[in-house]
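First up is the structure itself, then whatever we jot down about it.
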Amino acid sequence: MKEKLNEIQNQAKDDLVNAGSPEEVERVKTKYIGRKGGVINDIIKAIPSLPPEQRSSTGKSANILKQEIGKWIEEAKEKFADKKQAPGAKEIFDLSLPGENKPYGRKHPLTQTIDEIKGIFKTLCFDIEYGPEVEHEYYNFDALNIPADHPSREDFDTFYLGNKRLLRSQTSTVQIRVMEKKKPPIRMIAPGKVFRPDTVDARHASMFHQIEGLMVDEGVSFSDLKYVLTLFAQSYFGQDIKMRFRPSFFPFTEPSAEIDISCSLCKGKGCSVCSQSGWVEVLGAGMVDPNVFDTVGYDSEKYTGFAFGIGVERLTMLKYGIDNIRLFFENDLRFLSQF
Ligand code: DAH
């Protein structure tokens, strides 16, 4: 019986070597390991008629051979599959078909705005700094001279996480972190996300972006602030843009100002975006309050500085005439692919 199995093994090998097509391989399969009429199955079926001492070893050998032949058959099939693909692929390549359209990815409009603003401030030698979005109350409020009873500290204006941690509601936090680490002179901007529990509408979202700015040195004055912000607005919106400084209040600057630009949509004539006033508020700014310098250990007699905070969504909306902030966050490619 052993000899017979050896013979079958050799024959199967030969048959597979000679098989010239997948169909022939299939025929070899049926011949040797087919369930009905397969040579090996016939041997297995005939085991009960063998002398008892040969039964178990024959069964074992037959099964091993069956598995082996099965493996060779799979290998032979694979060989044909490979062969088929290579010459076949050449034949079906049609040069006259239009190319596959691979759409280019692009940056989100807000990222584009942030990049553009970073570029403008880099030419003025401002460093780019980053701070954490999960902040300690100290950096979001205390160090910024914001008193304990200030309304911005209320639950409905700030997301609290417990244990004096919160989601930062302004990028002014980064001013403090940078001043703690570095000595003047400082020129920096800090772009990033901020969070406020605002009800979402066409102009408000619970997450949006700001760019904080800070310059500290000996002899920095309000006219430097005006110069830098005017240069920035002209670079971003174009030379014709007009700016208006209105007196305001922020706890971390004294004096403080809110800065409007002439509405770029109606060119100052009055429209729904600027509430018919011709002006749109784009940023807050001011001279750094000496209390802030004292907190970070700067000599407030020696150094002065200015700070500002820019709203990235607002700026992007104005530049491109977008009337709903939600469009930035819905991931609708019909909107995003326009930029
Ligand atoms: N942090 C302010 C806000 O979120 C914006 C701001 C105003 C930043 C005045 C400043 C500043 O640095 O000087 O409303």
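By convention here, the chains of the structure tokens are called A, B, ... in the order presented, each chain's residues are numbered starting at 1, and ligands are numbered starting at 1 in the order presented.
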
**OP:** Using only C-alpha atoms, determine which residues lie at most 8 Å from Asp157 of chain A, disregarding the query and same-chain residues fewer than 6 positions distant; provide the list as a PyMOL selection string.
**Re:** chain A and resi 151+196-198

Going by DSSP on the backbone, which bits of segment 87-290 of chain A are strand (DSSP E or B)? Write them as a PDB file with N, CA, C and O atoms, in the first residue's frame, please.
```pdb
ATOM      1  N   ASP A 127       7.398  85.797  17.359  1.00  0.00           N
ATOM      2  CA  ASP A 127       7.483  84.335  17.487  1.00  0.00           C
ATOM      3  C   ASP A 127       6.072  83.749  17.514  1.00  0.00           C
ATOM      4  O   ASP A 127       5.116  84.435  17.890  1.00  0.00           O
ATOM      5  N   ILE A 128       5.965  82.473  17.144  1.00  0.00           N
ATOM      6  CA  ILE A 128       4.676  81.779  17.238  1.00  0.00           C
ATOM      7  C   ILE A 128       4.729  80.892  18.483  1.00  0.00           C
ATOM      8  O   ILE A 128       5.638  80.062  18.610  1.00  0.00           O
ATOM      9  N   VAL A 134      -6.653  72.802  27.774  1.00  0.00           N
ATOM     10  CA  VAL A 134      -7.132  72.570  29.146  1.00  0.00           C
ATOM     11  C   VAL A 134      -6.206  73.367  30.052  1.00  0.00           C
ATOM     12  O   VAL A 134      -5.011  73.109  30.115  1.00  0.00           O
ATOM     13  N   GLU A 135      -6.782  74.385  30.707  1.00  0.00           N
ATOM     14  CA  GLU A 135      -5.968  75.342  31.452  1.00  0.00           C
ATOM     15  C   GLU A 135      -6.287  75.335  32.935  1.00  0.00           C
ATOM     16  O   GLU A 135      -7.333  74.823  33.356  1.00  0.00           O
ATOM     17  N   HIS A 136      -5.404  75.939  33.672  1.00  0.00           N
ATOM     18  CA  HIS A 136      -5.668  76.183  35.085  1.00  0.00           C
ATOM     19  C   HIS A 136      -6.334  77.555  35.205  1.00  0.00           C
ATOM     20  O   HIS A 136      -6.013  78.469  34.436  1.00  0.00           O
ATOM     21  N   PHE A 159     -16.317  76.834  30.481  1.00  0.00           N
ATOM     22  CA  PHE A 159     -16.473  75.387  30.719  1.00  0.00           C
ATOM     23  C   PHE A 159     -15.519  74.957  31.823  1.00  0.00           C
ATOM     24  O   PHE A 159     -14.292  74.923  31.612  1.00  0.00           O
ATOM     25  N   TYR A 160     -16.054  74.629  32.983  1.00  0.00           N
ATOM     26  CA  TYR A 160     -15.195  74.167  34.079  1.00  0.00           C
ATOM     27  C   TYR A 160     -15.079  72.645  34.068  1.00  0.00           C
ATOM     28  O   TYR A 160     -16.045  71.942  33.795  1.00  0.00           O
ATOM     29  N   LEU A 161     -13.881  72.159  34.381  1.00  0.00           N
ATOM     30  CA  LEU A 161     -13.655  70.713  34.391  1.00  0.00           C
ATOM     31  C   LEU A 161     -13.500  70.189  35.806  1.00  0.00           C
ATOM     32  O   LEU A 161     -13.346  68.993  36.021  1.00  0.00           O
ATOM     33  N   GLY A 162     -13.513  71.083  36.774  1.00  0.00           N
ATOM     34  CA  GLY A 162     -13.306  70.672  38.164  1.00  0.00           C
ATOM     35  C   GLY A 162     -11.840  70.790  38.536  1.00  0.00           C
ATOM     36  O   GLY A 162     -10.960  70.837  37.654  1.00  0.00           O
ATOM     37  N   ARG A 165      -9.524  73.357  36.950  1.00  0.00           N
ATOM     38  CA  ARG A 165      -9.179  73.231  35.523  1.00  0.00           C
ATOM     39  C   ARG A 165     -10.376  73.677  34.702  1.00  0.00           C
ATOM     40  O   ARG A 165     -11.525  73.536  35.138  1.00  0.00           O
ATOM     41  N   LEU A 166     -10.101  74.168  33.498  1.00  0.00           N
ATOM     42  CA  LEU A 166     -11.184  74.614  32.613  1.00  0.00           C
ATOM     43  C   LEU A 166     -10.702  74.537  31.171  1.00  0.00           C
ATOM     44  O   LEU A 166      -9.514  74.331  30.915  1.00  0.00           O
ATOM     45  N   LEU A 167     -11.651  74.655  30.237  1.00  0.00           N
ATOM     46  CA  LEU A 167     -11.258  74.808  28.831  1.00  0.00           C
ATOM     47  C   LEU A 167     -11.022  76.297  28.636  1.00  0.00           C
ATOM     48  O   LEU A 167     -11.898  77.106  28.927  1.00  0.00           O
ATOM     49  N   ILE A 186       9.860  90.740  24.247  1.00  0.00           N
ATOM     50  CA  ILE A 186       8.976  89.670  23.777  1.00  0.00           C
ATOM     51  C   ILE A 186       8.152  90.194  22.601  1.00  0.00           C
ATOM     52  O   ILE A 186       7.621  91.302  22.649  1.00  0.00           O
ATOM     53  N   ARG A 187       8.128  89.402  21.579  1.00  0.00           N
ATOM     54  CA  ARG A 187       7.180  89.656  20.477  1.00  0.00           C
ATOM     55  C   ARG A 187       6.623  88.304  20.119  1.00  0.00           C
ATOM     56  O   ARG A 187       7.371  87.447  19.646  1.00  0.00           O
ATOM     57  N   MET A 188       5.358  88.104  20.336  1.00  0.00           N
ATOM     58  CA  MET A 188       4.788  86.780  20.056  1.00  0.00           C
ATOM     59  C   MET A 188       3.329  86.862  19.620  1.00  0.00           C
ATOM     60  O   MET A 188       2.619  87.802  19.962  1.00  0.00           O
ATOM     61  N   ILE A 189       2.934  85.875  18.858  1.00  0.00           N
ATOM     62  CA  ILE A 189       1.504  85.641  18.676  1.00  0.00           C
ATOM     63  C   ILE A 189       1.226  84.187  19.053  1.00  0.00           C
ATOM     64  O   ILE A 189       2.122  83.345  18.962  1.00  0.00           O
ATOM     65  N   ALA A 190      -0.008  83.935  19.509  1.00  0.00           N
ATOM     66  CA  ALA A 190      -0.382  82.573  19.930  1.00  0.00           C
ATOM     67  C   ALA A 190      -1.736  82.221  19.337  1.00  0.00           C
ATOM     68  O   ALA A 190      -2.777  82.682  19.818  1.00  0.00           O
ATOM     69  N   PRO A 191      -1.756  81.442  18.254  1.00  0.00           N
ATOM     70  CA  PRO A 191      -3.040  81.012  17.694  1.00  0.00           C
ATOM     71  C   PRO A 191      -3.569  79.790  18.436  1.00  0.00           C
ATOM     72  O   PRO A 191      -2.778  79.012  18.972  1.00  0.00           O
ATOM     73  N   GLY A 192      -4.884  79.617  18.452  1.00  0.00           N
ATOM     74  CA  GLY A 192      -5.411  78.391  19.063  1.00  0.00           C
ATOM     75  C   GLY A 192      -6.913  78.427  19.280  1.00  0.00           C
ATOM     76  O   GLY A 192      -7.581  79.433  19.024  1.00  0.00           O
ATOM     77  N   LYS A 193      -7.411  77.290  19.762  1.00  0.00           N
ATOM     78  CA  LYS A 193      -8.847  77.141  20.010  1.00  0.00           C
ATOM     79  C   LYS A 193      -9.204  77.690  21.378  1.00  0.00           C
ATOM     80  O   LYS A 193      -8.423  77.552  22.320  1.00  0.00           O
ATOM     81  N   VAL A 194     -10.395  78.275  21.476  1.00  0.00           N
ATOM     82  CA  VAL A 194     -10.941  78.674  22.778  1.00  0.00           C
ATOM     83  C   VAL A 194     -12.382  78.165  22.869  1.00  0.00           C
ATOM     84  O   VAL A 194     -12.984  77.845  21.841  1.00  0.00           O
ATOM     85  N   PHE A 195     -12.897  78.098  24.079  1.00  0.00           N
ATOM     86  CA  PHE A 195     -14.187  77.431  24.303  1.00  0.00           C
ATOM     87  C   PHE A 195     -15.080  78.284  25.206  1.00  0.00           C
ATOM     88  O   PHE A 195     -14.612  78.774  26.231  1.00  0.00           O
ATOM     89  N   MET A 207     -16.884  76.540  20.305  1.00  0.00           N
ATOM     90  CA  MET A 207     -15.432  76.488  20.121  1.00  0.00           C
ATOM     91  C   MET A 207     -15.107  77.399  18.959  1.00  0.00           C
ATOM     92  O   MET A 207     -15.802  77.368  17.935  1.00  0.00           O
ATOM     93  N   PHE A 208     -14.140  78.239  19.138  1.00  0.00           N
ATOM     94  CA  PHE A 208     -13.694  79.067  18.013  1.00  0.00           C
ATOM     95  C   PHE A 208     -12.208  79.367  18.187  1.00  0.00           C
ATOM     96  O   PHE A 208     -11.560  78.803  19.071  1.00  0.00           O
ATOM     97  N   HIS A 209     -11.661  80.185  17.307  1.00  0.00           N
ATOM     98  CA  HIS A 209     -10.210  80.385  17.310  1.00  0.00           C
ATOM     99  C   HIS A 209      -9.849  81.845  17.556  1.00  0.00           C
ATOM    100  O   HIS A 209     -10.541  82.741  17.063  1.00  0.00           O
ATOM    101  N   GLN A 210      -8.770  82.024  18.295  1.00  0.00           N
ATOM    102  CA  GLN A 210      -8.259  83.377  18.505  1.00  0.00           C
ATOM    103  C   GLN A 210      -6.764  83.384  18.210  1.00  0.00           C
ATOM    104  O   GLN A 210      -6.112  82.340  18.236  1.00  0.00           O
ATOM    105  N   ILE A 211      -6.263  84.583  17.962  1.00  0.00           N
ATOM    106  CA  ILE A 211      -4.809  84.735  17.908  1.00  0.00           C
ATOM    107  C   ILE A 211      -4.456  85.849  18.885  1.00  0.00           C
ATOM    108  O   ILE A 211      -4.914  86.988  18.756  1.00  0.00           O
ATOM    109  N   GLU A 212      -3.694  85.479  19.880  1.00  0.00           N
ATOM    110  CA  GLU A 212      -3.266  86.439  20.879  1.00  0.00           C
ATOM    111  C   GLU A 212      -1.969  87.084  20.409  1.00  0.00           C
ATOM    112  O   GLU A 212      -1.159  86.413  19.746  1.00  0.00           O
ATOM    113  N   GLY A 213      -1.777  88.347  20.740  1.00  0.00           N
ATOM    114  CA  GLY A 213      -0.507  88.996  20.396  1.00  0.00           C
ATOM    115  C   GLY A 213       0.060  89.685  21.624  1.00  0.00           C
ATOM    116  O   GLY A 213      -0.691  90.163  22.480  1.00  0.00           O
ATOM    117  N   LEU A 214       1.382  89.735  21.711  1.00  0.00           N
ATOM    118  CA  LEU A 214       2.009  90.416  22.856  1.00  0.00           C
ATOM    119  C   LEU A 214       3.370  90.957  22.439  1.00  0.00           C
ATOM    120  O   LEU A 214       4.154  90.258  21.792  1.00  0.00           O
ATOM    121  N   MET A 215       3.597  92.225  22.797  1.00  0.00           N
ATOM    122  CA  MET A 215       4.942  92.774  22.591  1.00  0.00           C
ATOM    123  C   MET A 215       5.342  93.499  23.861  1.00  0.00           C
ATOM    124  O   MET A 215       4.577  94.332  24.380  1.00  0.00           O
ATOM    125  N   VAL A 216       6.486  93.158  24.418  1.00  0.00           N
ATOM    126  CA  VAL A 216       6.957  93.795  25.655  1.00  0.00           C
ATOM    127  C   VAL A 216       8.414  94.203  25.473  1.00  0.00           C
ATOM    128  O   VAL A 216       9.231  93.420  24.990  1.00  0.00           O
ATOM    129  N   ASP A 217       8.698  95.437  25.856  1.00  0.00           N
ATOM    130  CA  ASP A 217      10.095  95.906  25.817  1.00  0.00           C
ATOM    131  C   ASP A 217      10.142  97.243  26.560  1.00  0.00           C
ATOM    132  O   ASP A 217       9.112  97.747  27.024  1.00  0.00           O
ATOM    133  N   MET A 243      -9.388 101.689   9.924  1.00  0.00           N
ATOM    134  CA  MET A 243      -9.494 101.152  11.283  1.00  0.00           C
ATOM    135  C   MET A 243     -10.013 102.212  12.223  1.00  0.00           C
ATOM    136  O   MET A 243      -9.765 103.406  12.034  1.00  0.00           O
ATOM    137  N   ARG A 244     -10.705 101.722  13.249  1.00  0.00           N
ATOM    138  CA  ARG A 244     -11.241 102.655  14.242  1.00  0.00           C
ATOM    139  C   ARG A 244     -10.944 102.075  15.621  1.00  0.00           C
ATOM    140  O   ARG A 244     -11.267 100.914  15.876  1.00  0.00           O
ATOM    141  N   PHE A 245     -10.311 102.869  16.477  1.00  0.00           N
ATOM    142  CA  PHE A 245     -10.041 102.441  17.855  1.00  0.00           C
ATOM    143  C   PHE A 245     -11.097 103.047  18.757  1.00  0.00           C
ATOM    144  O   PHE A 245     -11.249 104.271  18.805  1.00  0.00           O
ATOM    145  N   ARG A 246     -11.818 102.190  19.472  1.00  0.00           N
ATOM    146  CA  ARG A 246     -12.819 102.682  20.431  1.00  0.00           C
ATOM    147  C   ARG A 246     -12.337 102.370  21.838  1.00  0.00           C
ATOM    148  O   ARG A 246     -11.866 101.258  22.085  1.00  0.00           O
ATOM    149  N   PRO A 247     -12.442 103.334  22.789  1.00  0.00           N
ATOM    150  CA  PRO A 247     -12.036 103.043  24.167  1.00  0.00           C
ATOM    151  C   PRO A 247     -12.873 101.889  24.719  1.00  0.00           C
ATOM    152  O   PRO A 247     -14.065 101.799  24.416  1.00  0.00           O
ATOM    153  N   SER A 248     -12.223 100.997  25.467  1.00  0.00           N
ATOM    154  CA  SER A 248     -12.953  99.850  26.000  1.00  0.00           C
ATOM    155  C   SER A 248     -12.325  99.450  27.330  1.00  0.00           C
ATOM    156  O   SER A 248     -11.511 100.202  27.893  1.00  0.00           O
ATOM    157  N   PHE A 249     -12.697  98.268  27.803  1.00  0.00           N
ATOM    158  CA  PHE A 249     -12.084  97.808  29.051  1.00  0.00           C
ATOM    159  C   PHE A 249     -11.791  96.320  28.993  1.00  0.00           C
ATOM    160  O   PHE A 249     -12.654  95.518  28.648  1.00  0.00           O
ATOM    161  N   PHE A 250     -10.570  95.952  29.304  1.00  0.00           N
ATOM    162  CA  PHE A 250     -10.204  94.561  29.576  1.00  0.00           C
ATOM    163  C   PHE A 250      -9.364  94.592  30.855  1.00  0.00           C
ATOM    164  O   PHE A 250      -8.533  95.498  31.019  1.00  0.00           O
ATOM    165  N   THR A 253      -5.493  94.902  30.340  1.00  0.00           N
ATOM    166  CA  THR A 253      -4.874  96.021  29.608  1.00  0.00           C
ATOM    167  C   THR A 253      -5.408  97.348  30.145  1.00  0.00           C
ATOM    168  O   THR A 253      -6.556  97.454  30.549  1.00  0.00           O
ATOM    169  N   GLU A 254      -4.553  98.355  30.121  1.00  0.00           N
ATOM    170  CA  GLU A 254      -4.949  99.689  30.577  1.00  0.00           C
ATOM    171  C   GLU A 254      -4.065 100.721  29.903  1.00  0.00           C
ATOM    172  O   GLU A 254      -2.860 100.717  30.161  1.00  0.00           O
ATOM    173  N   PRO A 255      -4.533 101.563  29.023  1.00  0.00           N
ATOM    174  CA  PRO A 255      -5.911 101.605  28.524  1.00  0.00           C
ATOM    175  C   PRO A 255      -6.183 100.447  27.563  1.00  0.00           C
ATOM    176  O   PRO A 255      -5.271  99.822  27.064  1.00  0.00           O
ATOM    177  N   SER A 256      -7.507 100.218  27.324  1.00  0.00           N
ATOM    178  CA  SER A 256      -7.923  99.153  26.410  1.00  0.00           C
ATOM    179  C   SER A 256      -8.701  99.746  25.248  1.00  0.00           C
ATOM    180  O   SER A 256      -9.262 100.850  25.366  1.00  0.00           O
ATOM    181  N   ALA A 257      -8.727  99.011  24.172  1.00  0.00           N
ATOM    182  CA  ALA A 257      -9.471  99.489  23.005  1.00  0.00           C
ATOM    183  C   ALA A 257     -10.122  98.315  22.295  1.00  0.00           C
ATOM    184  O   ALA A 257      -9.623  97.190  22.357  1.00  0.00           O
ATOM    185  N   GLU A 258     -11.239  98.591  21.657  1.00  0.00           N
ATOM    186  CA  GLU A 258     -11.797  97.623  20.714  1.00  0.00           C
ATOM    187  C   GLU A 258     -11.588  98.210  19.335  1.00  0.00           C
ATOM    188  O   GLU A 258     -11.750  99.418  19.132  1.00  0.00           O
ATOM    189  N   ILE A 259     -11.194  97.360  18.435  1.00  0.00           N
ATOM    190  CA  ILE A 259     -10.811  97.876  17.124  1.00  0.00           C
ATOM    191  C   ILE A 259     -11.775  97.372  16.058  1.00  0.00           C
ATOM    192  O   ILE A 259     -12.037  96.173  15.955  1.00  0.00           O
ATOM    193  N   ASP A 260     -12.309  98.327  15.307  1.00  0.00           N
ATOM    194  CA  ASP A 260     -13.225  97.999  14.216  1.00  0.00           C
ATOM    195  C   ASP A 260     -12.493  98.221  12.900  1.00  0.00           C
ATOM    196  O   ASP A 260     -11.602  99.068  12.810  1.00  0.00           O
ATOM    197  N   ILE A 261     -12.902  97.481  11.898  1.00  0.00           N
ATOM    198  CA  ILE A 261     -12.413  97.806  10.558  1.00  0.00           C
ATOM    199  C   ILE A 261     -13.628  98.180   9.704  1.00  0.00           C
ATOM    200  O   ILE A 261     -14.756  97.778  10.002  1.00  0.00           O
ATOM    201  N   SER A 262     -13.367  98.973   8.673  1.00  0.00           N
ATOM    202  CA  SER A 262     -14.472  99.334   7.784  1.00  0.00           C
ATOM    203  C   SER A 262     -14.972  98.042   7.144  1.00  0.00           C
ATOM    204  O   SER A 262     -14.174  97.190   6.764  1.00  0.00           O
ATOM    205  N   TRP A 279     -19.027  99.510  10.121  1.00  0.00           N
ATOM    206  CA  TRP A 279     -17.851  99.076  10.879  1.00  0.00           C
ATOM    207  C   TRP A 279     -18.084  97.691  11.489  1.00  0.00           C
ATOM    208  O   TRP A 279     -19.209  97.374  11.876  1.00  0.00           O
ATOM    209  N   VAL A 280     -17.020  96.898  11.586  1.00  0.00           N
ATOM    210  CA  VAL A 280     -17.136  95.592  12.234  1.00  0.00           C
ATOM    211  C   VAL A 280     -15.996  95.436  13.248  1.00  0.00           C
ATOM    212  O   VAL A 280     -14.835  95.709  12.929  1.00  0.00           O
ATOM    213  N   GLU A 281     -16.369  94.996  14.463  1.00  0.00           N
ATOM    214  CA  GLU A 281     -15.340  94.806  15.482  1.00  0.00           C
ATOM    215  C   GLU A 281     -14.540  93.535  15.171  1.00  0.00           C
ATOM    216  O   GLU A 281     -15.124  92.477  14.944  1.00  0.00           O
ATOM    217  N   VAL A 282     -13.221  93.643  15.147  1.00  0.00           N
ATOM    218  CA  VAL A 282     -12.411  92.458  14.843  1.00  0.00           C
ATOM    219  C   VAL A 282     -11.435  92.072  15.941  1.00  0.00           C
ATOM    220  O   VAL A 282     -10.965  90.942  15.984  1.00  0.00           O
ATOM    221  N   LEU A 283     -11.106  93.020  16.809  1.00  0.00           N
ATOM    222  CA  LEU A 283     -10.176  92.622  17.870  1.00  0.00           C
ATOM    223  C   LEU A 283     -10.214  93.544  19.075  1.00  0.00           C
ATOM    224  O   LEU A 283     -10.679  94.678  19.002  1.00  0.00           O
ATOM    225  N   GLY A 284      -9.700  92.984  20.182  1.00  0.00           N
ATOM    226  CA  GLY A 284      -9.538  93.758  21.408  1.00  0.00           C
ATOM    227  C   GLY A 284      -8.054  93.934  21.647  1.00  0.00           C
ATOM    228  O   GLY A 284      -7.250  93.088  21.256  1.00  0.00           O
ATOM    229  N   ALA A 285      -7.689  95.049  22.272  1.00  0.00           N
ATOM    230  CA  ALA A 285      -6.262  95.301  22.466  1.00  0.00           C
ATOM    231  C   ALA A 285      -6.043  96.313  23.581  1.00  0.00           C
ATOM    232  O   ALA A 285      -7.007  96.849  24.151  1.00  0.00           O
ATOM    233  N   GLY A 286      -4.799  96.580  23.893  1.00  0.00           N
ATOM    234  CA  GLY A 286      -4.503  97.606  24.887  1.00  0.00           C
ATOM    235  C   GLY A 286      -3.064  97.506  25.361  1.00  0.00           C
ATOM    236  O   GLY A 286      -2.299  96.647  24.901  1.00  0.00           O
ATOM    237  N   MET A 287      -2.710  98.411  26.294  1.00  0.00           N
ATOM    238  CA  MET A 287      -1.371  98.371  26.897  1.00  0.00           C
ATOM    239  C   MET A 287      -1.436  97.438  28.103  1.00  0.00           C
ATOM    240  O   MET A 287      -2.353  97.543  28.926  1.00  0.00           O
ATOM    241  N   VAL A 288      -0.477  96.535  28.212  1.00  0.00           N
ATOM    242  CA  VAL A 288      -0.503  95.527  29.275  1.00  0.00           C
ATOM    243  C   VAL A 288      -0.576  96.209  30.645  1.00  0.00           C
ATOM    244  O   VAL A 288       0.198  97.137  30.937  1.00  0.00           O
TER     245      VAL A 288
END
```

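Coordinates place atom CA of Val273 of chain A at a distance of 7.4 Å from atom CA of Asp323 of chain A.
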
Determine, using only C-alpha atoms, which residues of segment 46-77 of chain A have any atom at most 10 Å from an atom of segment 3-14 of chain A, and tabulate each with its shortest atom pair and distance in Å to one decimal place, rows ordered by chain and then rising number, as a tab-separated table.
```
residue	atom	partner	partner_atom	distance
A:Thr58	CA	A:Leu5	CA	8.8
A:Ser61	CA	A:Leu5	CA	7.8
A:Ala62	CA	A:Leu5	CA	7.1
A:Leu65	CA	A:Gln9	CA	7.1
A:Lys66	CA	A:Gln9	CA	9.2
A:Glu68	CA	A:Gln9	CA	8.9
A:Ile69	CA	A:Ala12	CA	7.2
A:Trp72	CA	A:Lys13	CA	8.0
A:Ile73	CA	A:Lys13	CA	9.5
```

Original post:
Which is closer to ligand 1 than all the others in A:Val312, A:Ile241, A:Leu231, A:Ile44, using only C-alpha atoms and all ligand atoms?
Top reply: A:Val312

Subject >> helix (DSSP H, G or I) per DSSP on the backbone: members of segment 155-338 of chain A, as number ranges by chain >> reply: A: 173-181, 222-237, 290-296, 312-320, 325-329, 333-336

**OP:** Compare A:Pro103, A:Val25, A:Gly20, A:Phe252 by their minimum atom-to-atom distance to Ile176 of chain A, counting only C-alpha atoms, and give me the closest one.
**Re:** A:Phe252

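What separates atom CA of Pro251 of chain A from atom CA of Ala143 of chain A is a distance of 10.3 Å.
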
**OP:** Work out how far apart atom CA of Gly219 of chain A and atom CA of Tyr303 of chain A are and give it in Å to one decimal.
**Re:** 6.8 Å
